[in-house]
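Novice: My structure is below; once you've seen it, I'll send some questions.
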Amino acid sequence: MKRLMIALCCVLLLTVLVAPSVAAVVPYTTYTYDIEGNMVQSPHAYVPYDEINSAKIGLEKPLNTVKDLFVDDEGMVYLADSGNNRIVILDSEYTLVGIINAFVNDEGVPDSLETPSGVYITHTEIFVADTDNNRICIFDRYPDENGEYAFHRIVNEPESDVFPEGHVYKPIALVVDNAGRIYVISSTTHYGVIAMNSDGKFNGFLGAQKTSPSLWDIFWRNFQTAEQRRRSVSYVPTEYNNISIDESGFIYVTTSTINKINQQGSIRSKSSAYAPVKKLNPEGEDVMMRTGFFAPHGEVNINFQNMEGDAIAEASTIVDVALGPNGTWSIADQLRGKVFTYDEQGNLLYVFGDKIQSALLGGIDTIVSMIYKGTDLLVFDKTIESFTIYKRTEYGDLIAAALQNQRDRNYSEAVSFWRKILQSNSNFDQAYVGIGDSLYRAGKYEEAMEQYKYAHATQNYSNAFRNVRKAWLEKYIIIVPIVLIVFFWLLSKFLKYAGAVNEKGQVTKEKRSWKEATLYGFHVMMHPFDGFWDLKHEKRGNIRGAMTILAFTIVAVIYKSLGTAYVFDPKNMGVSFISQILAVLVPYLLWCVANWCLTTLFDGEGSFKDIVIATAYALLPLPLFIIPTTVITNFLTLDESSIVTLLFYIGYIWCGFLVFFGAMVTHDYSLSKNILTSLGTMVGIAFIMFIGVLFSGLLAKVFSFVYNLVVELALRL
């Protein structure tokens with residue numbers, strides 16, 4: 001017992017000591033989103049490893065307002081220490097090796113940096129965005145024997161007539177391509193990225209953002225002077241705040257304001273018009289791929305609560321973009337302290353970070369810059385004036401390996417890695433998409449379709465189905481014309497038969513057979529005025545025929561729910577027959593009741609029975625278009641969805657016209673009076689629905705009161 005007690009005490013002590021440290025290792029939740037926009041937790045792809053501050057670097061004067069990080073091809077780290085007017089240079093082990101602040105310029109005059117905000121390294125030079133001096137300073141990349149970085153030259157503000165009068169040049173970030181062209185972000189320039197030659201000659205603007213005036217701005221603009229309109233912020237494109245460039249020369253730019261201005265319309269939009277991050281080609285066109293469930297805009301659920309329980313109901317504030325290994329890239333959300341990582345196709349891979357206590361290792365309070373150093377991610381936190389090193393985990397390695405194998409076209413290897421990822425995170429929809437993509441590229445289209453279906457990736461599913469259909473058509477091409485010929489031959493035979501029956505039915509009869517009454521609906525479809533007149537006065541139709549058409553419509557609606565192809569109805573979780581029946585009966589009955597009530601007051605000649613019969617006959621186009629359209633969804637792709645939409649619209653519009661003219665003929669109204677009556681009928685439907693909801697709510701309260709009263713009496717007795 002003594003040994004047992006000692007062992008228990010040891011276990012308890014270890015639990016107390018270890019539990020906080022384990023919790024402190026990763027103080028955030030890593031997650032992604034499914035196609036419905038629901039957060040799905042995942043294993044950590046990156047975990048905090050170490051925090052590098054002024055003391056660890058070996059700085060006598062602590063860092064102050066660092067605005068940019070950069071890592072060169074040798075692993076050296078550069079910090080734009082804006083508050084101290086210097087560039088701090090670290091080796092690959094994060095030890096101080098040099099500082100750039102004062103120098104002698106090309107005129108032989110002592111000079112210094114003033115609030116440098118951006119730094120970029122080429123193979124031979126260090127480019128510094130010397131913000132408050134309104135220039136770019138260029139130094140030698142490697143120090144001399146005295147440990148100093150030789151000054152090379154200054155690139156001043158480019159000269160051009162396109163800059164407005166009084167323009168102030170404030171470079172805050174820059175990149176340089178392989179040809180030596182310089183691309184600059186100026187905090188006061190609203191016309192896009194400034195492109196210059198290596199000597200500073202202005203080439204033009206790239207990727208100007210779209211303006212976003214409100215309705216009030218558009219109205220007020222009519223009363224403004226020309227000068228007021230020129231200065232109006234609402235009509236000035238939003239400026240960028242950061243920039244990066246990849247090995248191919250594509251430029252990634254970010255903005256933190258345009259997504260907020262248009263957050264309601266842009267959070268789930270894949271349009272590039274109001275995107276907070278863009279990928280620009282040398283012509284300034286956005287070529288970013290946005291094939292994921294949601295566009296790369298940062299947070300999808302803008303009401304998501306962080307670990308402290310705080311909900312931030314705003315779009316992400318994107319302040320930087322970092323280009324990582326294996327085609328991945330990340331954006332920094334300063335508002336939430338999160339890092340969002342995507343692949344080349346724009347698919348969200350994982351999200352990590354949170355605005356929690358900055359004392360915890362890995363806590364991100366105010367991101368200002370981030371950069372990849374190999375597979376490590378360095379994130380600078382303005383609040384604590386230090387950067388955190390995040391190491392990629394085994395789970396992150398699996399994702400990277402899967403992506404790299406896809407890039408290298410090793411599709412079988414990519415599939416094996418995606419399957420390993422699913423063993424760690426079965427809710428990662430992107431893994432199913434990755435498997436599907438690998439199978440698709442390997443020509444295994446049917447297997448790819450199955451994987452896409454797991455992730456509800458309908459566009460990918462449609463693309464794979466197109467290839468399956470193509471292969472089937474190549475094999476059985478002769479079947480298609482035969483089926484079409486047989487179908488149209490049978491259709492023509494049926495229409496001739498229906499026409500013959502309706503022609504014989506012109507003879508006046510006291511009683512119509514079920515066949516005659518039902519087939520008369522085809523005559524009403526093609527000749528609505530004569531058809532509805534004879535329907536009422538010649539008794540060409542009856543209740544049996546009307547109810548048959550109504551039942552046929554219900555069957556068609558149920559079949560639509562059951563038979564629509566997956567690609568056109570991916571969220572179908574099953575069919576409720578009652579709901580489908582009510583979806584037809586409720587609007588039908590509401591129209592009949594409301595129209596009868598209104599026309600009774602406005603001299604309508606039709607009885608309630610006449611309205612019921614005429615409205616039912618007017619429904620016939622619906623099943624005649626719904627059923628064949630539902631069938632052909634199984635043979636079409638998403639790119640051909642306009643055909644399906646067109647056929648559905650034709651059916652509903654045709655039905656609407658028949659309902660309208662049926663009421664007009666039944667009540668012997670003029671066109672204008674029937675329009676007013678139809679509008680009044682719709683108002684009546686809304687009123688009946690309101691009364692129904694009110695009455696049902698009242699009944700529920702009465703039932704609840706009686707139930708509670710009975711329960712109370714039973715307890716007391």
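By order of appearance in the structure tokens: chains A, B, ..., then residues from 1 within every chain, and ligands from 1 in the order shown.
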List as a PyMOL selection string the protein and nucleic acid residues near Pro623 in chain A, meaning an atom at most 12 Å away when only C-alpha atoms are counted, but skip any in the same chain fewer than 2 places from it.
Specialist: chain A and resi 548-560+584+616-621+625-630+647-648+650-652+654-655
Novice: Residues of the last selection are to be written out with N, CA and C atoms, as a compact mmCIF listing (two decimals), in the first residue's frame.
Specialist:
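And here's result-v8.txt as it stands now:
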# COMPACT_ATOMS: atom_id res chain seq x y z
N THR A 548 -55.96 14.08 -61.47
CA THR A 548 -54.93 13.24 -62.10
C THR A 548 -53.71 14.07 -62.47
N ILE A 549 -53.95 15.26 -63.04
CA ILE A 549 -52.83 16.15 -63.40
C ILE A 549 -52.10 16.62 -62.15
N LEU A 550 -52.87 16.92 -61.10
CA LEU A 550 -52.26 17.35 -59.84
C LEU A 550 -51.39 16.23 -59.26
N ALA A 551 -51.89 15.00 -59.30
CA ALA A 551 -51.12 13.85 -58.80
C ALA A 551 -49.88 13.62 -59.67
N PHE A 552 -50.04 13.81 -60.98
CA PHE A 552 -48.91 13.66 -61.91
C PHE A 552 -47.81 14.68 -61.58
N THR A 553 -48.23 15.89 -61.23
CA THR A 553 -47.28 16.94 -60.84
C THR A 553 -46.55 16.57 -59.56
N ILE A 554 -47.28 16.03 -58.59
CA ILE A 554 -46.65 15.61 -57.33
C ILE A 554 -45.63 14.50 -57.57
N VAL A 555 -46.00 13.55 -58.42
CA VAL A 555 -45.08 12.46 -58.75
C VAL A 555 -43.82 13.01 -59.41
N ALA A 556 -44.00 13.99 -60.31
CA ALA A 556 -42.85 14.58 -61.00
C ALA A 556 -41.92 15.29 -60.02
N VAL A 557 -42.48 16.00 -59.05
CA VAL A 557 -41.67 16.70 -58.06
C VAL A 557 -40.91 15.70 -57.18
N ILE A 558 -41.58 14.62 -56.81
CA ILE A 558 -40.90 13.58 -56.01
C ILE A 558 -39.79 12.94 -56.82
N TYR A 559 -40.06 12.67 -58.10
CA TYR A 559 -39.04 12.07 -58.96
C TYR A 559 -37.84 13.01 -59.12
N LYS A 560 -38.11 14.32 -59.18
CA LYS A 560 -37.03 15.29 -59.28
C LYS A 560 -36.09 15.19 -58.08
N VAL A 584 -46.28 20.95 -53.39
CA VAL A 584 -47.19 21.16 -54.52
C VAL A 584 -48.58 21.56 -54.02
N ALA A 616 -55.53 23.31 -61.76
CA ALA A 616 -54.89 22.00 -61.88
C ALA A 616 -54.47 21.73 -63.32
N TYR A 617 -55.34 22.07 -64.29
CA TYR A 617 -54.99 21.86 -65.69
C TYR A 617 -53.80 22.74 -66.10
N ALA A 618 -53.68 23.91 -65.45
CA ALA A 618 -52.57 24.82 -65.77
C ALA A 618 -51.22 24.27 -65.29
N LEU A 619 -51.24 23.27 -64.41
CA LEU A 619 -50.00 22.70 -63.88
C LEU A 619 -49.33 21.71 -64.82
N LEU A 620 -50.02 21.29 -65.88
CA LEU A 620 -49.52 20.20 -66.72
C LEU A 620 -48.11 20.45 -67.30
N PRO A 621 -47.73 21.69 -67.67
CA PRO A 621 -46.36 21.86 -68.19
C PRO A 621 -45.27 21.48 -67.18
N PHE A 625 -42.09 18.99 -68.20
CA PHE A 625 -40.72 19.48 -68.31
C PHE A 625 -39.83 18.95 -67.19
N ILE A 626 -40.40 18.77 -66.00
CA ILE A 626 -39.59 18.32 -64.86
C ILE A 626 -39.04 16.92 -65.09
N ILE A 627 -39.89 16.00 -65.56
CA ILE A 627 -39.46 14.60 -65.69
C ILE A 627 -38.33 14.43 -66.72
N PRO A 628 -38.48 14.90 -67.96
CA PRO A 628 -37.36 14.72 -68.90
C PRO A 628 -36.12 15.51 -68.51
N THR A 629 -36.32 16.69 -67.90
CA THR A 629 -35.15 17.47 -67.47
C THR A 629 -34.39 16.75 -66.37
N THR A 630 -35.13 16.13 -65.45
CA THR A 630 -34.48 15.36 -64.39
C THR A 630 -33.70 14.18 -64.98
N LEU A 647 -34.72 24.64 -69.32
CA LEU A 647 -35.90 23.78 -69.41
C LEU A 647 -36.81 23.94 -68.20
N PHE A 648 -36.19 24.06 -67.01
CA PHE A 648 -37.01 24.28 -65.82
C PHE A 648 -37.75 25.60 -65.90
N ILE A 650 -38.64 27.25 -68.57
CA ILE A 650 -39.72 27.16 -69.57
C ILE A 650 -40.96 26.53 -68.94
N GLY A 651 -40.75 25.42 -68.21
CA GLY A 651 -41.88 24.74 -67.57
C GLY A 651 -42.61 25.63 -66.58
N TYR A 652 -41.86 26.31 -65.72
CA TYR A 652 -42.50 27.15 -64.69
C TYR A 652 -43.14 28.39 -65.30
N TRP A 654 -44.29 28.71 -68.39
CA TRP A 654 -45.48 28.24 -69.12
C TRP A 654 -46.63 27.99 -68.16
N CYS A 655 -46.31 27.32 -67.06
CA CYS A 655 -47.33 27.06 -66.04
C CYS A 655 -47.89 28.37 -65.49
Novice: Could you pull the residues within 8 Å of range 40-49 of chain A, counting only C-alpha atoms, minus those fewer than 4 positions along the same chain, as a ChimeraX atom specification?
Specialist: /A:25-26,29-34,350,352,361-362,388-397,424-425,427-428
Novice: A:Gln345, A:Gly337, A:Val483, A:Leu679: which is nearest Phe660 in chain A, counting only C-alpha atoms?
Specialist: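 Distance minimum relative to Phe660 in chain A lands on A:Leu679.
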Novice: Going by DSSP on the backbone, which bits of range 220-444 of chain A are alpha helix (DSSP H)? Write them as a VMD selection string, please.
Specialist: chain A and resid 220 to 221 226 to 231 258 to 261 263 to 266 394 to 407 411 to 424 429 to 441
Novice: If you count only C-alpha atoms, which residues fall within 12 Å of Pro325 in chain A, apart from same-chain ones fewer than 5 positions away, as a list in words?
Specialist: Asp246, Glu247, Ser330, Thr341, Tyr342, Asp343, Glu344, Ile371, Tyr372, Lys373, Gly374, Thr375, Asp376, Leu377, Arg392, Gly396, Asp397, Ile399, Ala400, Ala401, Leu403, Gln404 and Arg407 of chain A
Novice: Include N, CA and C atoms and write out the residues we just selected as a JSON list (two decimals), in the first residue's frame.
Specialist:
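Below you can see selection.json, which holds the result:
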[["chain", "number", "residue", "atom", "x", "y", "z"],
["A", 246, "ASP", "N", 7.27, 35.06, -56.46],
["A", 246, "ASP", "CA", 7.74, 33.68, -56.50],
["A", 246, "ASP", "C", 8.84, 33.51, -57.54],
["A", 247, "GLU", "N", 9.33, 32.29, -57.67],
["A", 247, "GLU", "CA", 10.46, 32.02, -58.56],
["A", 247, "GLU", "C", 10.12, 32.27, -60.02],
["A", 330, "SER", "N", 0.81, 31.20, -47.58],
["A", 330, "SER", "CA", 0.03, 31.53, -46.39],
["A", 330, "SER", "C", -0.26, 33.02, -46.35],
["A", 341, "THR", "N", -3.26, 28.75, -44.64],
["A", 341, "THR", "CA", -2.35, 28.18, -45.63],
["A", 341, "THR", "C", -3.13, 27.49, -46.73],
["A", 342, "TYR", "N", -2.72, 27.73, -47.99],
["A", 342, "TYR", "CA", -3.41, 27.22, -49.18],
["A", 342, "TYR", "C", -2.42, 26.51, -50.09],
["A", 343, "ASP", "N", -2.96, 25.71, -51.01],
["A", 343, "ASP", "CA", -2.11, 25.11, -52.03],
["A", 343, "ASP", "C", -2.19, 25.93, -53.31],
["A", 344, "GLU", "N", -1.58, 25.45, -54.38],
["A", 344, "GLU", "CA", -1.52, 26.20, -55.64],
["A", 344, "GLU", "C", -2.90, 26.42, -56.25],
["A", 371, "ILE", "N", 7.43, 34.92, -42.82],
["A", 371, "ILE", "CA", 8.24, 34.44, -43.93],
["A", 371, "ILE", "C", 8.60, 32.99, -43.68],
["A", 372, "TYR", "N", 8.71, 32.21, -44.75],
["A", 372, "TYR", "CA", 9.15, 30.82, -44.62],
["A", 372, "TYR", "C", 10.67, 30.75, -44.66],
["A", 373, "LYS", "N", 11.22, 29.90, -43.83],
["A", 373, "LYS", "CA", 12.65, 29.60, -43.81],
["A", 373, "LYS", "C", 12.77, 28.09, -43.98],
["A", 374, "GLY", "N", 12.82, 27.65, -45.24],
["A", 374, "GLY", "CA", 12.73, 26.22, -45.50],
["A", 374, "GLY", "C", 11.31, 25.76, -45.20],
["A", 375, "THR", "N", 11.20, 24.78, -44.32],
["A", 375, "THR", "CA", 9.87, 24.33, -43.90],
["A", 375, "THR", "C", 9.39, 25.05, -42.65],
["A", 376, "ASP", "N", 10.28, 25.83, -42.01],
["A", 376, "ASP", "CA", 9.88, 26.59, -40.83],
["A", 376, "ASP", "C", 9.14, 27.85, -41.25],
["A", 377, "LEU", "N", 8.26, 28.33, -40.37],
["A", 377, "LEU", "CA", 7.55, 29.58, -40.60],
["A", 377, "LEU", "C", 7.91, 30.54, -39.48],
["A", 392, "ARG", "N", 7.17, 22.46, -38.79],
["A", 392, "ARG", "CA", 6.17, 21.62, -39.43],
["A", 392, "ARG", "C", 6.14, 20.25, -38.77],
["A", 396, "GLY", "N", 1.91, 17.83, -41.10],
["A", 396, "GLY", "CA", 2.23, 18.81, -42.12],
["A", 396, "GLY", "C", 3.15, 18.25, -43.19],
["A", 397, "ASP", "N", 4.07, 17.37, -42.77],
["A", 397, "ASP", "CA", 4.97, 16.73, -43.74],
["A", 397, "ASP", "C", 4.20, 15.85, -44.72],
["A", 399, "ILE", "N", 1.10, 16.28, -45.72],
["A", 399, "ILE", "CA", 0.41, 17.16, -46.68],
["A", 399, "ILE", "C", 1.40, 17.68, -47.71],
["A", 400, "ALA", "N", 2.57, 18.10, -47.25],
["A", 400, "ALA", "CA", 3.58, 18.61, -48.16],
["A", 400, "ALA", "C", 4.03, 17.54, -49.15],
["A", 401, "ALA", "N", 4.22, 16.31, -48.66],
["A", 401, "ALA", "CA", 4.65, 15.22, -49.54],
["A", 401, "ALA", "C", 3.58, 14.90, -50.57],
["A", 403, "LEU", "N", 1.33, 16.98, -51.79],
["A", 403, "LEU", "CA", 1.30, 18.07, -52.76],
["A", 403, "LEU", "C", 2.49, 18.00, -53.71],
["A", 404, "GLN", "N", 3.66, 17.68, -53.16],
["A", 404, "GLN", "CA", 4.85, 17.63, -54.01],
["A", 404, "GLN", "C", 4.77, 16.50, -55.02],
["A", 407, "ARG", "N", 2.65, 17.60, -57.79],
["A", 407, "ARG", "CA", 3.38, 18.52, -58.67],
["A", 407, "ARG", "C", 4.35, 17.76, -59.57]]
Novice: Please tabulate, as CSV, the residues of range 415-437 of chain A that come within 10 Å of range 290-295 of chain A, each with its closest pair of atoms and the distance in Å to one decimal, counting only C-alpha atoms and ordering rows by chain, then residue number upward.
Specialist:
residue,atom,partner,partner_atom,distance
A:Asp429,CA,A:Phe293,CA,9.6
A:Gln430,CA,A:Gly292,CA,8.5
A:Val433,CA,A:Gly292,CA,9.6
Novice: To one decimal in Å, tell me the separation between CA of Lys493 in chain A and CA of Ser642 in chain A.
Specialist: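 That distance, rounded to one decimal, is 29.3 Å.
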Novice: Quote the spacing between CA of Phe532 in chain A and CA of Leu490 in chain A in Å to one decimal place.
Specialist: 27.3 Å
Novice: Just the residues within 7 Å of range 145-158 of chain A, please, counting only C-alpha atoms, with nothing from its chain fewer than 2 positions along; format it as a list in words.
Specialist: Gly98, Ile100, Phe103, Asn105, Asp106, Asn134, Arg135, Ile136, Cys137, Ile138, Phe139, Asp140, Arg141, Tyr142, Pro143, Ser160, Tyr169, Asp199, Gly200, Lys201 and Phe202 of chain A
Novice: Any idea what's packed within 6 Å of range 181-189 of chain A, counting only C-alpha atoms, ignoring anything in its chain fewer than 6 positions away? Could you give it as an MDAnalysis selection string?
Specialist: chainID A and resid 170:175 195:198
Novice: Generate a file of the selected residues that holds N, CA and C atoms, formatted as a PDB file, in the first residue's frame.
Specialist:
ATOM      1  N   LYS A 170       5.591  56.959 -50.459  1.00  0.00           N
ATOM      2  CA  LYS A 170       5.917  56.312 -49.189  1.00  0.00           C
ATOM      3  C   LYS A 170       6.087  54.810 -49.419  1.00  0.00           C
ATOM      4  N   PRO A 171       7.260  54.365 -49.876  1.00  0.00           N
ATOM      5  CA  PRO A 171       7.450  52.926 -50.113  1.00  0.00           C
ATOM      6  C   PRO A 171       7.475  52.153 -48.796  1.00  0.00           C
ATOM      7  N   ILE A 172       6.657  51.102 -48.699  1.00  0.00           N
ATOM      8  CA  ILE A 172       6.605  50.306 -47.468  1.00  0.00           C
ATOM      9  C   ILE A 172       6.967  48.847 -47.707  1.00  0.00           C
ATOM     10  N   ALA A 173       6.960  48.387 -48.945  1.00  0.00           N
ATOM     11  CA  ALA A 173       7.313  47.001 -49.257  1.00  0.00           C
ATOM     12  C   ALA A 173       7.750  46.939 -50.712  1.00  0.00           C
ATOM     13  N   LEU A 174       8.631  45.994 -51.028  1.00  0.00           N
ATOM     14  CA  LEU A 174       9.113  45.890 -52.399  1.00  0.00           C
ATOM     15  C   LEU A 174       9.621  44.489 -52.676  1.00  0.00           C
ATOM     16  N   VAL A 175       9.659  44.143 -53.964  1.00  0.00           N
ATOM     17  CA  VAL A 175      10.277  42.909 -54.437  1.00  0.00           C
ATOM     18  C   VAL A 175      11.013  43.227 -55.729  1.00  0.00           C
ATOM     19  N   ALA A 195       5.621  49.768 -60.760  1.00  0.00           N
ATOM     20  CA  ALA A 195       6.636  48.963 -61.444  1.00  0.00           C
ATOM     21  C   ALA A 195       7.698  49.885 -62.028  1.00  0.00           C
ATOM     22  N   MET A 196       8.979  49.563 -61.739  1.00  0.00           N
ATOM     23  CA  MET A 196      10.085  50.382 -62.210  1.00  0.00           C
ATOM     24  C   MET A 196      11.183  49.498 -62.785  1.00  0.00           C
ATOM     25  N   ASN A 197      11.985  50.079 -63.661  1.00  0.00           N
ATOM     26  CA  ASN A 197      13.210  49.418 -64.094  1.00  0.00           C
ATOM     27  C   ASN A 197      14.233  49.465 -62.963  1.00  0.00           C
ATOM     28  N   SER A 198      15.340  48.785 -63.150  1.00  0.00           N
ATOM     29  CA  SER A 198      16.362  48.759 -62.107  1.00  0.00           C
ATOM     30  C   SER A 198      16.943  50.138 -61.833  1.00  0.00           C
TER      31      SER A 198
END
Novice: To one decimal place, how far is CA of Ile578 in chain A from CA of Thr564 in chain A in Å?
Specialist: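 Distance reported for this atom pair: 18.4 Å.
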Novice: If you run DSSP on this backbone, which residues of range 338-411 of chain A come out as strand (DSSP E), and could you give them as a PyMOL selection string?
Specialist: chain A and resi 338-342+348-352+367-373+376-381+386-392
Novice: Write out as a PyMOL selection string the residues lying within 10 Å of Asn53 in chain A, counting only C-alpha atoms and excluding same-chain residues fewer than 6 positions away.
Specialist: chain A and resi 59+62-63+94+380+384-388
Novice: Quick one: of A:Ile485, A:Cys592, A:Val253, A:Ala273, who's nearest to Gly662 in chain A, counting only C-alpha atoms?
Specialist: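 When distances to Gly662 in chain A are compared using only C-alpha atoms, the smallest one comes from A:Cys592.
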Novice: Leaving out Ile685 in chain A and any residue of its chain fewer than 2 positions from it, which residues lie within 12 Å of it when counting only C-alpha atoms, given as a ChimeraX atom specification?
Specialist: /A:586-598,678-683,687-692
Novice: Okay, now the selection with N, CA and C atoms, as an mmCIF file, in the first residue's frame?
Specialist:
data_model
loop_
_atom_site.group_PDB
_atom_site.id
_atom_site.type_symbol
_atom_site.label_atom_id
_atom_site.label_comp_id
_atom_site.auth_asym_id
_atom_site.auth_seq_id
_atom_site.Cartn_x
_atom_site.Cartn_y
_atom_site.Cartn_z
ATOM 1 N N VAL A 586 -49.725 22.814 -51.069
ATOM 2 C CA VAL A 586 -49.918 24.060 -50.319
ATOM 3 C C VAL A 586 -50.021 25.274 -51.244
ATOM 4 N N PRO A 587 -49.085 25.496 -52.178
ATOM 5 C CA PRO A 587 -49.250 26.642 -53.089
ATOM 6 C C PRO A 587 -50.509 26.536 -53.948
ATOM 7 N N TYR A 588 -50.819 25.306 -54.371
ATOM 8 C CA TYR A 588 -52.008 25.091 -55.200
ATOM 9 C C TYR A 588 -53.284 25.492 -54.445
ATOM 10 N N LEU A 589 -53.437 24.990 -53.232
ATOM 11 C CA LEU A 589 -54.633 25.291 -52.444
ATOM 12 C C LEU A 589 -54.687 26.753 -52.028
ATOM 13 N N LEU A 590 -53.529 27.327 -51.689
ATOM 14 C CA LEU A 590 -53.510 28.743 -51.309
ATOM 15 C C LEU A 590 -53.970 29.621 -52.459
ATOM 16 N N TRP A 591 -53.494 29.315 -53.669
ATOM 17 C CA TRP A 591 -53.925 30.100 -54.828
ATOM 18 C C TRP A 591 -55.431 29.953 -55.049
ATOM 19 N N CYS A 592 -55.937 28.731 -54.997
ATOM 20 C CA CYS A 592 -57.367 28.498 -55.245
ATOM 21 C C CYS A 592 -58.225 29.231 -54.218
ATOM 22 N N VAL A 593 -57.867 29.112 -52.937
ATOM 23 C CA VAL A 593 -58.667 29.733 -51.874
ATOM 24 C C VAL A 593 -58.594 31.253 -51.967
ATOM 25 N N ALA A 594 -57.371 31.802 -52.097
ATOM 26 C CA ALA A 594 -57.214 33.255 -52.142
ATOM 27 C C ALA A 594 -57.885 33.840 -53.381
ATOM 28 N N ASN A 595 -57.761 33.173 -54.519
ATOM 29 C CA ASN A 595 -58.376 33.670 -55.743
ATOM 30 C C ASN A 595 -59.899 33.624 -55.645
ATOM 31 N N TRP A 596 -60.419 32.576 -55.070
ATOM 32 C CA TRP A 596 -61.880 32.468 -54.919
ATOM 33 C C TRP A 596 -62.408 33.553 -53.988
ATOM 34 N N CYS A 597 -61.719 33.784 -52.868
ATOM 35 C CA CYS A 597 -62.156 34.810 -51.917
ATOM 36 C C CYS A 597 -62.165 36.188 -52.568
ATOM 37 N N LEU A 598 -61.139 36.477 -53.355
ATOM 38 C CA LEU A 598 -61.027 37.803 -53.946
ATOM 39 C C LEU A 598 -62.003 37.985 -55.098
ATOM 40 N N SER A 678 -54.814 39.164 -59.824
ATOM 41 C CA SER A 678 -53.713 38.229 -59.563
ATOM 42 C C SER A 678 -52.779 38.775 -58.489
ATOM 43 N N LEU A 679 -52.477 40.083 -58.574
ATOM 44 C CA LEU A 679 -51.649 40.697 -57.533
ATOM 45 C C LEU A 679 -52.350 40.643 -56.184
ATOM 46 N N GLY A 680 -53.651 40.893 -56.199
ATOM 47 C CA GLY A 680 -54.418 40.803 -54.956
ATOM 48 C C GLY A 680 -54.450 39.388 -54.405
ATOM 49 N N THR A 681 -54.468 38.402 -55.319
ATOM 50 C CA THR A 681 -54.447 37.002 -54.873
ATOM 51 C C THR A 681 -53.142 36.690 -54.150
ATOM 52 N N MET A 682 -52.047 37.217 -54.673
ATOM 53 C CA MET A 682 -50.760 36.985 -54.005
ATOM 54 C C MET A 682 -50.726 37.623 -52.628
ATOM 55 N N VAL A 683 -51.298 38.821 -52.533
ATOM 56 C CA VAL A 683 -51.389 39.468 -51.215
ATOM 57 C C VAL A 683 -52.268 38.633 -50.286
ATOM 58 N N PHE A 687 -51.462 36.929 -46.659
ATOM 59 C CA PHE A 687 -52.303 37.161 -45.483
ATOM 60 C C PHE A 687 -52.755 35.832 -44.862
ATOM 61 N N ILE A 688 -53.158 34.882 -45.713
ATOM 62 C CA ILE A 688 -53.586 33.565 -45.203
ATOM 63 C C ILE A 688 -52.435 32.877 -44.485
ATOM 64 N N MET A 689 -51.236 32.966 -45.072
ATOM 65 C CA MET A 689 -50.074 32.352 -44.429
ATOM 66 C C MET A 689 -49.782 33.001 -43.082
ATOM 67 N N PHE A 690 -49.926 34.337 -43.019
ATOM 68 C CA PHE A 690 -49.699 35.033 -41.749
ATOM 69 C C PHE A 690 -50.703 34.586 -40.695
ATOM 70 N N ILE A 691 -51.968 34.517 -41.097
ATOM 71 C CA ILE A 691 -53.001 34.072 -40.157
ATOM 72 C C ILE A 691 -52.732 32.632 -39.720
ATOM 73 N N GLY A 692 -52.313 31.783 -40.683
ATOM 74 C CA GLY A 692 -52.028 30.391 -40.343
ATOM 75 C C GLY A 692 -50.901 30.262 -39.341
#
Novice: Quick one: of A:Met547, A:Leu713, A:Val321, A:Thr95, who's nearest to Leu585 in chain A, counting only C-alpha atoms?
Specialist: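 With only C-alpha atoms as the atom set, the closest residue is A:Met547.
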Novice: For Phe568 in chain A, which residue out of A:Ser412, A:Thr508, A:Thr458, A:Thr599 is the nearest one, using only C-alpha atoms?
Specialist: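 Checking each of A:Ser412, A:Thr508, A:Thr458, A:Thr599 against Phe568 in chain A, counting only C-alpha atoms, the winner is A:Thr458.
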